[in-house]
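To be precise, the following lines are entry-v4.txt, and they hold compact mmCIF, C-alpha atoms.
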# COMPACT_ATOMS: atom_id res chain seq x y z
CA VAL R 263 -29.57 0.26 7.70
CA LYS R 264 -28.16 -1.99 10.39
CA ILE R 265 -24.59 -3.17 9.89
CA LYS R 266 -22.74 -6.07 11.43
CA VAL R 267 -19.03 -6.52 10.83
CA ALA R 268 -17.90 -10.08 11.53
CA TRP R 269 -14.45 -11.58 11.49
CA ILE R 270 -13.20 -15.10 11.97
CA GLY R 271 -11.03 -15.67 15.02
CA LYS R 272 -10.23 -13.63 18.09
CA THR R 273 -7.14 -11.45 17.75
CA LYS R 274 -4.22 -11.83 20.14
CA SER R 275 -2.98 -8.34 19.31
CA PRO R 276 -4.04 -5.61 21.76
CA GLU R 277 -3.26 -3.02 19.05
CA ILE R 278 -5.64 -4.64 16.54
CA GLN R 279 -8.31 -4.86 19.23
CA ALA R 280 -7.84 -1.20 20.18
CA LEU R 281 -8.02 -0.02 16.56
CA THR R 282 -11.12 -2.19 15.98
CA ASP R 283 -12.80 -0.66 19.03
CA GLU R 284 -11.79 2.85 18.00
CA TYR R 285 -13.29 2.63 14.51
CA LEU R 286 -16.44 0.89 15.75
CA LYS R 287 -16.88 3.67 18.29
CA ARG R 288 -16.44 6.35 15.63
CA LEU R 289 -18.90 4.51 13.37
CA THR R 290 -21.68 4.50 15.96
CA ARG R 291 -22.03 8.25 15.29
CA TYR R 292 -23.24 7.39 11.79
CA ALA R 293 -24.70 3.90 11.86
CA ASP R 294 -26.35 1.20 13.92
CA ILE R 295 -23.27 -1.01 13.81
CA GLU R 296 -21.70 -3.78 15.83
CA GLY R 297 -18.63 -6.00 15.57
CA SER R 298 -18.73 -9.74 16.02
CA THR R 299 -16.00 -12.34 16.48
CA LEU R 300 -16.92 -15.70 14.96
CA LYS R 301 -15.24 -19.05 15.50
CA ASP R 302 -15.09 -20.21 11.89
CA GLU R 303 -16.67 -20.02 8.46
CA THR R 304 -19.45 -22.41 9.46
CA ALA R 305 -20.50 -20.01 12.20
CA LEU R 306 -20.55 -17.20 9.62
CA LEU R 307 -22.74 -19.15 7.20
CA LYS R 308 -25.08 -20.03 10.05
CA LEU R 309 -25.28 -16.36 11.06
CA ALA R 310 -25.85 -15.26 7.46
CA ALA R 311 -28.64 -17.87 7.09
CA LYS R 312 -28.66 -17.45 3.34
CA ASP R 313 -31.86 -19.41 2.78
CA ALA R 314 -33.98 -17.65 5.41
CA ARG R 315 -37.00 -15.75 4.05
CA PRO R 316 -37.10 -12.84 4.52
CA MET R 317 -33.30 -12.58 4.16
CA ARG R 318 -31.68 -12.02 7.51
CA TYR R 319 -28.61 -10.30 6.07
CA ALA R 320 -27.08 -9.23 2.79
CA LEU R 321 -23.60 -10.72 3.05
CA VAL R 322 -20.59 -8.74 1.84
CA MET R 323 -17.43 -10.83 1.90
CA LEU R 324 -13.91 -9.50 1.66
CA ASP R 325 -11.74 -11.17 -0.95
CA SER R 326 -8.78 -9.81 -2.90
CA THR R 327 -10.32 -11.12 -6.14
CA GLY R 328 -13.62 -9.31 -5.54
CA LYS R 329 -14.91 -5.96 -6.75
CA GLN R 330 -12.76 -2.91 -6.13
CA PHE R 331 -14.27 0.46 -5.37
CA SER R 332 -12.68 3.82 -4.79
CA SER R 333 -13.69 5.27 -1.41
CA GLU R 334 -16.20 7.53 -3.17
CA GLU R 335 -17.66 4.62 -5.13
CA PHE R 336 -17.94 2.54 -1.95
CA ALA R 337 -19.75 5.43 -0.24
CA GLY R 338 -22.10 5.60 -3.24
CA TRP R 339 -22.74 1.86 -3.09
CA LEU R 340 -23.53 2.11 0.63
CA ARG R 341 -25.90 5.07 0.04
CA ASP R 342 -27.73 3.23 -2.75
CA TYR R 343 -28.02 0.06 -0.67
CA ARG R 344 -29.36 2.02 2.30
CA ASP R 345 -31.89 3.86 0.14
CA ARG R 346 -33.25 0.71 -1.48
CA ASN R 347 -33.04 -1.98 1.19
CA SER R 348 -33.92 -2.57 4.80
CA THR R 349 -32.13 -5.92 5.11
CA PRO R 350 -29.14 -5.51 7.46
CA LEU R 351 -25.66 -5.69 5.95
CA LEU R 352 -23.22 -8.31 7.19
CA PHE R 353 -19.61 -7.59 6.27
CA ALA R 354 -17.32 -10.58 6.77
CA VAL R 355 -13.55 -10.85 6.94
CA GLY R 356 -12.15 -14.36 6.62
CA ALA R 357 -9.46 -16.15 8.55
CA ALA R 358 -5.81 -16.08 7.47
CA ASP R 359 -6.51 -18.34 4.49
CA GLY R 360 -9.61 -16.45 3.34
CA PHE R 361 -12.98 -17.94 2.46
CA THR R 362 -13.78 -21.18 0.69
CA GLN R 363 -15.44 -21.16 -2.72
CA HIS R 364 -18.53 -22.66 -1.05
CA ALA R 365 -18.79 -19.73 1.37
CA ARG R 366 -18.22 -17.14 -1.34
CA GLN R 367 -21.35 -18.39 -3.12
CA SER R 368 -23.42 -17.04 -0.23
CA ALA R 369 -22.19 -13.49 -0.74
CA SER R 370 -24.37 -10.74 -2.22
CA LEU R 371 -21.15 -8.85 -2.93
CA THR R 372 -17.50 -9.84 -2.85
CA LEU R 373 -15.48 -6.75 -1.99
CA SER R 374 -11.77 -6.33 -2.67
CA LEU R 375 -9.61 -3.87 -0.77
CA GLY R 376 -6.87 -4.31 -3.39
CA LYS R 377 -5.03 -7.03 -5.31
CA MET R 378 -2.63 -7.72 -2.47
CA THR R 379 -3.34 -10.41 0.09
CA LEU R 380 -3.77 -8.56 3.39
CA ALA R 381 -3.19 -9.96 6.83
CA HIS R 382 -6.77 -10.71 7.85
CA GLU R 383 -6.54 -8.65 11.04
CA LEU R 384 -5.36 -5.64 9.05
CA ALA R 385 -8.12 -6.22 6.48
CA ARG R 386 -10.62 -5.86 9.30
CA ILE R 387 -9.17 -2.49 10.31
CA ILE R 388 -9.09 -1.28 6.70
CA LEU R 389 -12.72 -2.32 6.21
CA LEU R 390 -13.83 -0.46 9.34
CA GLU R 391 -11.86 2.61 8.28
CA GLN R 392 -13.47 2.51 4.81
CA LEU R 393 -16.94 2.22 6.33
CA TYR R 394 -16.15 5.21 8.53
CA ARG R 395 -14.73 7.11 5.55
CA ALA R 396 -17.84 6.24 3.49
CA PHE R 397 -20.18 7.70 6.10
CA THR R 398 -18.08 10.86 6.43
CA ILE R 399 -18.23 11.23 2.62
CA LEU R 400 -22.02 10.81 2.66
CA GLU R 401 -22.40 13.28 5.53
CA GLY R 402 -19.98 15.83 4.09
CA HIS R 403 -17.60 15.54 7.06
CA PRO R 404 -14.11 16.70 6.05
CA TYR R 405 -12.32 13.52 7.28
CA HIS R 406 -11.96 12.18 3.74
CA LEU R 407 -10.11 15.33 2.66
CA GLY R 408 -7.47 14.72 5.29
CA HIS R 409 -8.76 17.22 7.86
CA VAL Y 226 19.42 -4.11 -1.01
CA LYS Y 227 18.98 -1.50 1.68
CA ILE Y 228 15.45 -0.30 2.33
CA LYS Y 229 14.20 2.83 4.01
CA VAL Y 230 10.51 3.30 4.73
CA ALA Y 231 9.61 6.93 5.29
CA TRP Y 232 6.32 8.51 6.30
CA ILE Y 233 5.24 12.07 6.73
CA GLY Y 234 4.28 13.09 10.23
CA LYS Y 235 4.68 11.49 13.64
CA THR Y 236 1.73 9.39 14.71
CA LYS Y 237 -0.15 10.13 17.91
CA SER Y 238 -1.54 6.59 18.04
CA PRO Y 239 0.38 4.19 20.28
CA GLU Y 240 -1.24 1.28 18.38
CA ILE Y 241 0.05 2.48 15.00
CA GLN Y 242 3.49 3.01 16.53
CA ALA Y 243 3.49 -0.48 18.06
CA LEU Y 244 2.40 -2.14 14.78
CA THR Y 245 5.05 -0.15 12.88
CA ASP Y 246 7.73 -1.30 15.31
CA GLU Y 247 6.50 -4.90 15.19
CA TYR Y 248 6.67 -5.17 11.37
CA LEU Y 249 10.01 -3.35 11.19
CA LYS Y 250 11.40 -5.80 13.75
CA ARG Y 251 10.09 -8.78 11.79
CA LEU Y 252 11.56 -7.32 8.58
CA THR Y 253 15.06 -7.04 10.02
CA ARG Y 254 15.23 -10.85 9.76
CA TYR Y 255 15.12 -10.50 5.98
CA ALA Y 256 16.42 -7.06 5.06
CA ASP Y 257 18.62 -4.14 6.01
CA ILE Y 258 15.65 -1.90 6.71
CA GLU Y 259 14.82 1.15 8.76
CA GLY Y 260 11.83 3.40 9.31
CA SER Y 261 11.99 7.16 9.20
CA THR Y 262 9.54 9.87 10.25
CA LEU Y 263 9.76 12.98 8.08
CA LYS Y 264 8.32 16.41 8.74
CA ASP Y 265 6.84 17.08 5.31
CA GLU Y 266 7.11 16.41 1.59
CA THR Y 267 10.00 18.86 1.21
CA ALA Y 268 12.02 16.80 3.69
CA LEU Y 269 11.21 13.68 1.65
CA LEU Y 270 12.37 15.23 -1.62
CA LYS Y 271 15.55 16.44 0.08
CA LEU Y 272 16.19 12.92 1.41
CA ALA Y 273 15.46 11.35 -1.97
CA ALA Y 274 17.85 13.82 -3.66
CA LYS Y 275 16.56 12.90 -7.07
CA ASP Y 276 19.30 14.68 -8.99
CA ALA Y 277 22.26 13.26 -7.06
CA ARG Y 278 24.65 11.12 -9.15
CA PRO Y 279 24.97 8.30 -8.38
CA MET Y 280 21.32 8.08 -7.31
CA ARG Y 281 20.99 8.00 -3.57
CA TYR Y 282 17.66 6.17 -3.58
CA ALA Y 283 15.12 4.72 -5.93
CA LEU Y 284 11.91 6.30 -4.66
CA VAL Y 285 8.72 4.25 -4.44
CA MET Y 286 5.73 6.41 -3.55
CA LEU Y 287 2.40 5.15 -2.35
CA ASP Y 288 -0.61 6.51 -4.20
CA SER Y 289 -4.04 4.98 -4.78
CA THR Y 290 -3.79 5.80 -8.50
CA GLY Y 291 -0.44 4.00 -8.88
CA LYS Y 292 0.43 0.49 -10.02
CA GLN Y 293 -1.28 -2.39 -8.27
CA PHE Y 294 0.49 -5.67 -7.66
CA SER Y 295 -0.73 -8.87 -6.12
CA SER Y 296 1.45 -9.88 -3.17
CA GLU Y 297 3.24 -12.43 -5.38
CA GLU Y 298 3.84 -9.82 -8.09
CA PHE Y 299 5.18 -7.37 -5.53
CA ALA Y 300 7.55 -10.04 -4.20
CA GLY Y 301 8.71 -10.68 -7.79
CA TRP Y 302 9.25 -6.96 -8.35
CA LEU Y 303 11.31 -6.75 -5.17
CA ARG Y 304 13.38 -9.79 -6.17
CA ASP Y 305 14.05 -8.39 -9.65
CA TYR Y 306 14.99 -4.99 -8.24
CA ARG Y 307 17.35 -6.57 -5.71
CA ASP Y 308 18.98 -8.73 -8.36
CA ARG Y 309 19.60 -5.86 -10.76
CA ASN Y 310 20.28 -2.83 -8.55
CA SER Y 311 22.37 -1.79 -5.62
CA THR Y 312 20.72 1.63 -5.14
CA PRO Y 313 18.78 1.60 -1.85
CA LEU Y 314 15.00 1.66 -2.02
CA LEU Y 315 13.08 4.47 -0.37
CA PHE Y 316 9.40 3.73 0.15
CA ALA Y 317 7.37 6.82 1.03
CA VAL Y 318 3.90 7.20 2.49
CA GLY Y 319 2.38 10.68 2.23
CA ALA Y 320 0.50 12.75 4.75
CA ALA Y 321 -3.30 12.62 5.04
CA ASP Y 322 -3.75 14.47 1.75
CA GLY Y 323 -1.21 12.35 -0.19
CA PHE Y 324 1.59 13.63 -2.39
CA THR Y 325 1.62 16.60 -4.74
CA GLN Y 326 1.95 16.07 -8.46
CA HIS Y 327 5.39 17.70 -8.23
CA ALA Y 328 6.58 15.14 -5.69
CA ARG Y 329 5.15 12.20 -7.64
CA GLN Y 330 7.40 13.14 -10.56
CA SER Y 331 10.40 12.15 -8.44
CA ALA Y 332 9.18 8.59 -8.02
CA SER Y 333 10.75 5.63 -9.79
CA LEU Y 334 7.54 3.72 -9.08
CA THR Y 335 4.12 4.80 -7.83
CA LEU Y 336 2.63 1.90 -5.93
CA SER Y 337 -1.06 1.48 -5.18
CA LEU Y 338 -2.35 -0.66 -2.33
CA GLY Y 339 -5.84 -0.49 -3.84
CA LYS Y 340 -8.32 1.99 -5.33
CA MET Y 341 -9.57 3.10 -1.93
CA THR Y 342 -8.05 6.09 -0.17
CA LEU Y 343 -6.45 4.68 2.96
CA ALA Y 344 -5.81 6.54 6.18
CA HIS Y 345 -2.10 7.32 5.76
CA GLU Y 346 -1.15 5.72 9.06
CA LEU Y 347 -2.90 2.50 8.04
CA ALA Y 348 -1.23 2.67 4.61
CA ARG Y 349 2.12 2.63 6.39
CA ILE Y 350 1.21 -0.55 8.28
CA ILE Y 351 -0.13 -2.22 5.12
CA LEU Y 352 3.07 -1.33 3.24
CA LEU Y 353 5.27 -2.79 6.00
CA GLU Y 354 3.13 -5.93 6.11
CA GLN Y 355 3.40 -6.32 2.32
CA LEU Y 356 7.18 -5.92 2.46
CA TYR Y 357 7.29 -8.58 5.17
CA ARG Y 358 4.95 -10.81 3.17
CA ALA Y 359 7.10 -10.30 0.05
CA PHE Y 360 10.25 -11.46 1.83
CA THR Y 361 8.49 -14.49 3.29
CA ILE Y 362 7.29 -15.37 -0.23
CA LEU Y 363 10.84 -15.05 -1.60
CA GLU Y 364 12.26 -17.11 1.26
CA GLY Y 365 9.55 -19.77 1.12
CA HIS Y 366 8.38 -19.04 4.66
CA PRO Y 367 4.78 -20.24 5.13
CA TYR Y 368 3.48 -16.88 6.48
CA HIS Y 369 1.84 -16.02 3.14
CA LEU Y 370 -0.18 -19.23 3.23
CA GLY Y 371 -1.72 -18.20 6.51
CA HIS Y 372 0.40 -20.40 8.78
What does this structure look like when you write it as structure tokens?
Amino acid sequence: VKIKVAWIGKTKSPEIQALTDEYLKRLTRYADIEGSTLKDETALLKLAAKDARPMRYALVMLDSTGKQFSSEEFAGWLRDYRDRNSTPLLFAVGAADGFTQHARQSASLTLSLGKMTLAHELARIILLEQLYRAFTILEGHPYHLGH
Amino acid sequence: VKIKVAWIGKTKSPEIQALTDEYLKRLTRYADIEGSTLKDETALLKLAAKDARPMRYALVMLDSTGKQFSSEEFAGWLRDYRDRNSTPLLFAVGAADGFTQHARQSASLTLSLGKMTLAHELARIILLEQLYRAFTILEGHPYHLGH
């Protein structure tokens, strides 16, 4: 399955950019994946094109009030999605103040990385790391065991 | 209240080091805080000196199976602790494979940043950001609102 990871707003932090690039690079070993910087939520909703038929993307939005998975459960979710669908996945990380209620209604899944409100640029890194971890779990790579 | 944030193992990533330094610097505006790199869990337990009287530190260990707070709840916990205790806080982030059961028994609180297993170096950054966010919440600084 194709994966796009989109975030709102260009980072000014060279460290965040470097970590983003690093995880995206590692992920290309396992998936057809690309990152995308969007201007605002409107641009995201346009990209997601919820009403297009066939669906252009299944939208997974990050929100602290969403569904929490363990890393193993997230890997299982990703495996099941991949096995049953060919529609590309679009993961989206909001701006500093998150997503509007309106935007959240477009999501196929609202994913929570924990109850705490994360800095949105850190949330992006955590999401990429969890995607990488999920693929290593599915492929039996020992990364998840701390090796 | 004094705060020490300790992690096991020196990072090889200049980005993780830079983000660690950045959040520690921001935190010094609000707290008497320092970071500390420890060699292993044994060094942590020695530093924590659980059986010393008076207690040298109240130990807060990060573990995905621990207690989850929202950012506001974590700020409230920090405020209550500060108001009722003078024992310094020692926050500890484990190595890639987490803490042993033995070590977890020394903790006053086991804190979870979410159900997912985080890369330990990212967990350190998230913890520092949540401490910073907590102090801005307590001080009424608009950081938490995304400004």
Counting only C-alpha atoms, which residues in chain Y sit no more than 8 Å from chain R? For each one, give the nearest pair of atoms and the distance in Å, sorted by chain then residue number, as a Markdown table.
| residue | atom | partner | partner_atom | distance |
| --- | --- | --- | --- | --- |
| Y:Glu240 | CA | R:Glu277 | CA | 4.8 |
| Y:Ile241 | CA | R:Glu277 | CA | 7.6 |
| Y:Ala243 | CA | R:Glu277 | CA | 7.3 |
| Y:Leu244 | CA | R:Glu277 | CA | 7.1 |
| Y:Gln293 | CA | R:Lys377 | CA | 6.7 |
| Y:Phe294 | CA | R:Lys377 | CA | 6.2 |
| Y:Ser295 | CA | R:Met378 | CA | 4.3 |
| Y:Ser296 | CA | R:Met378 | CA | 4.7 |
| Y:Ala321 | CA | R:Gly408 | CA | 4.7 |
| Y:Asp322 | CA | R:Gly408 | CA | 5.1 |
| Y:Leu338 | CA | R:Gly376 | CA | 5.9 |
| Y:Gly339 | CA | R:Gly376 | CA | 4.0 |
| Y:Lys340 | CA | R:Ser332 | CA | 4.8 |
| Y:Met341 | CA | R:Ser332 | CA | 4.3 |
| Y:Thr342 | CA | R:Ser333 | CA | 5.8 |
| Y:Leu343 | CA | R:Ile388 | CA | 7.5 |
| Y:Ala344 | CA | R:Glu391 | CA | 7.5 |
| Y:Leu347 | CA | R:Ile388 | CA | 7.4 |
| Y:Ile351 | CA | R:Leu384 | CA | 7.4 |
| Y:Glu354 | CA | R:Ala381 | CA | 7.5 |
| Y:Gln355 | CA | R:Leu380 | CA | 7.6 |
| Y:Leu370 | CA | R:Asp359 | CA | 6.5 |
| Y:Gly371 | CA | R:Ala358 | CA | 4.7 |
| Y:His372 | CA | R:Ala358 | CA | 7.7 |
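Pairwise distance (CA of Val226 (chain Y), CA of Ile362 (chain Y)) equals 16.6 Å.
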Problem set entry | For Ser348 (chain R), the nearest of the candidates R:Lys329, R:Arg318, R:His403, R:Lys287, counting only C-alpha atoms |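 Closest residue, counting only C-alpha atoms: R:Arg318.
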With all atoms of region 347-350 of chain Y from the file as input, state the centre and edge lengths in Å to one decimal of the axis-aligned box that has 5 Å extra on each side, as AutoDock Vina command-line options.
--center_x -0.4 --center_y 1.1 --center_z 6.4 --size_x 15.0 --size_y 13.2 --size_z 13.7
Spatial neighbours of Leu272 (chain Y), max dist 9 Å, only C-alpha atoms, sep filter under 3 positions, as a PDB file with C-alpha atoms, in the coordinates of the input:
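This is the output file part13.pdb:
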ATOM      1  CA  THR Y 267      10.000  18.860   1.210  1.00  0.00           C
ATOM      2  CA  ALA Y 268      12.020  16.800   3.690  1.00  0.00           C
ATOM      3  CA  LEU Y 269      11.210  13.680   1.650  1.00  0.00           C
ATOM      4  CA  LYS Y 275      16.560  12.900  -7.070  1.00  0.00           C
ATOM      5  CA  ARG Y 281      20.990   8.000  -3.570  1.00  0.00           C
ATOM      6  CA  TYR Y 282      17.660   6.170  -3.580  1.00  0.00           C
TER       7      TYR Y 282
END
Seminar exercise, completed: Separating CA of Ala231 (chain Y) from CA of Ser333 (chain Y), to the nearest tenth of an Å, is a gap of 15.2 Å
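CA of Arg307 (chain Y) sits 19.1 Å away from CA of Arg251 (chain Y).
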Exercise. Nearest to Ala359 (chain Y): which of Y:Ala277, Y:Ala300, Y:Ala328, Y:Met286 is it, counting all atoms listed in the file?
Worked result: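 Using all atoms listed in the file, Ala359 (chain Y) sits closest to Y:Ala300.
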Problem set entry | Selected residue, from R:Phe397, R:Trp269, R:Trp339, R:Phe353, that lies nearest to Glu303 (chain R) when counting all atoms listed in the file |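 Using all atoms listed in the file, the shortest distance to Glu303 (chain R) belongs to R:Trp269.
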